[in-house]
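Q: Shown below is the structure under consideration.
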Amino acid sequence: MCGAVTASGYAPTKYVAPPTLSHAHEMVIPRGKLYADWTDIEEVIDLARLYFAGGEPYESALRPLLADLKHMSIIRNSIAHRSEHSQRKLQDLTRGLVGYVPRTLTPGVLLRTIVPTENRTFVEKYFDVVQVAAQRIIR
């Protein structure tokens, strides 16, 4: 938003021109909040469409990874919020991903589980998802 370019020289076409980095933060962080909510990926894409032509590079970087990013958000929420709701969502996610819920399910148990049909754990898979998203964004 402030006109920076990546190391390769890429700069998205922007629709906004905040005068300072602080002003750009105010455009992204909702009033009354201390930080932007990057866990709602669809909201991130919607904001990118407002600020950048075609929502790029965020739209094409994040949209194909949407399911995995949502799964990561559920796991994160189960760590940050010990509510019954977040734990139930973790159980539902685990059942959907591996077909059963371990008796002693924790976020760590799920993250250390081998992804069915892949030879890696979920934590390794999600690490790769974040790395791919970052590489696509910075081009």
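Labels used: A, B, ... for chains in the order of the structure tokens, numbers from 1 for residues in each chain, and numbers from 1 for ligands as shown.
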Do a neighbour search on Leu62 (chain A) at 8 Å with only C-alpha atoms, toss out local chain neighbours closer than 6 positions, and write the hits as a list of chain:residue names.

A: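 Answer for this query is A:Ile41, A:Ile45, A:Ala133.
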
Q: To one decimal in Å, tell me the separation between CA of Pro64 (chain A) and CA of Glu26 (chain A).

A: 28.2 Å

Q: Using DSSP on the backbone coordinates, identify the residues of region 7-125 of chain A assigned to helix (DSSP H, G or I); present them as a ChimeraX atom specification.

A: /A:21-28,41-51,53-55,58-80,84-98,107-111,122-125

Q: Using only C-alpha atoms, pick whichever of A:Pro57, A:Pro30, A:Pro107, A:Pro102 has the shortest atom-to-atom distance to Gln87 (chain A).

A: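 Counting only C-alpha atoms, the residue closest to Gln87 (chain A) is A:Pro107.
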
Q: For Ala48 (chain A), which residue out of A:Ile137, A:Glu84, A:Ser78, A:Leu105 is the nearest one, using only C-alpha atoms?

A: A:Ile137

Q: From the set A:Arg112, A:His23, A:His71, A:Arg120, which residue has the shortest atom-to-atom contact distance to Asp92 (chain A), counting only C-alpha atoms?

A: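 Ranked by minimum distance to Asp92 (chain A), first place goes to A:His71.
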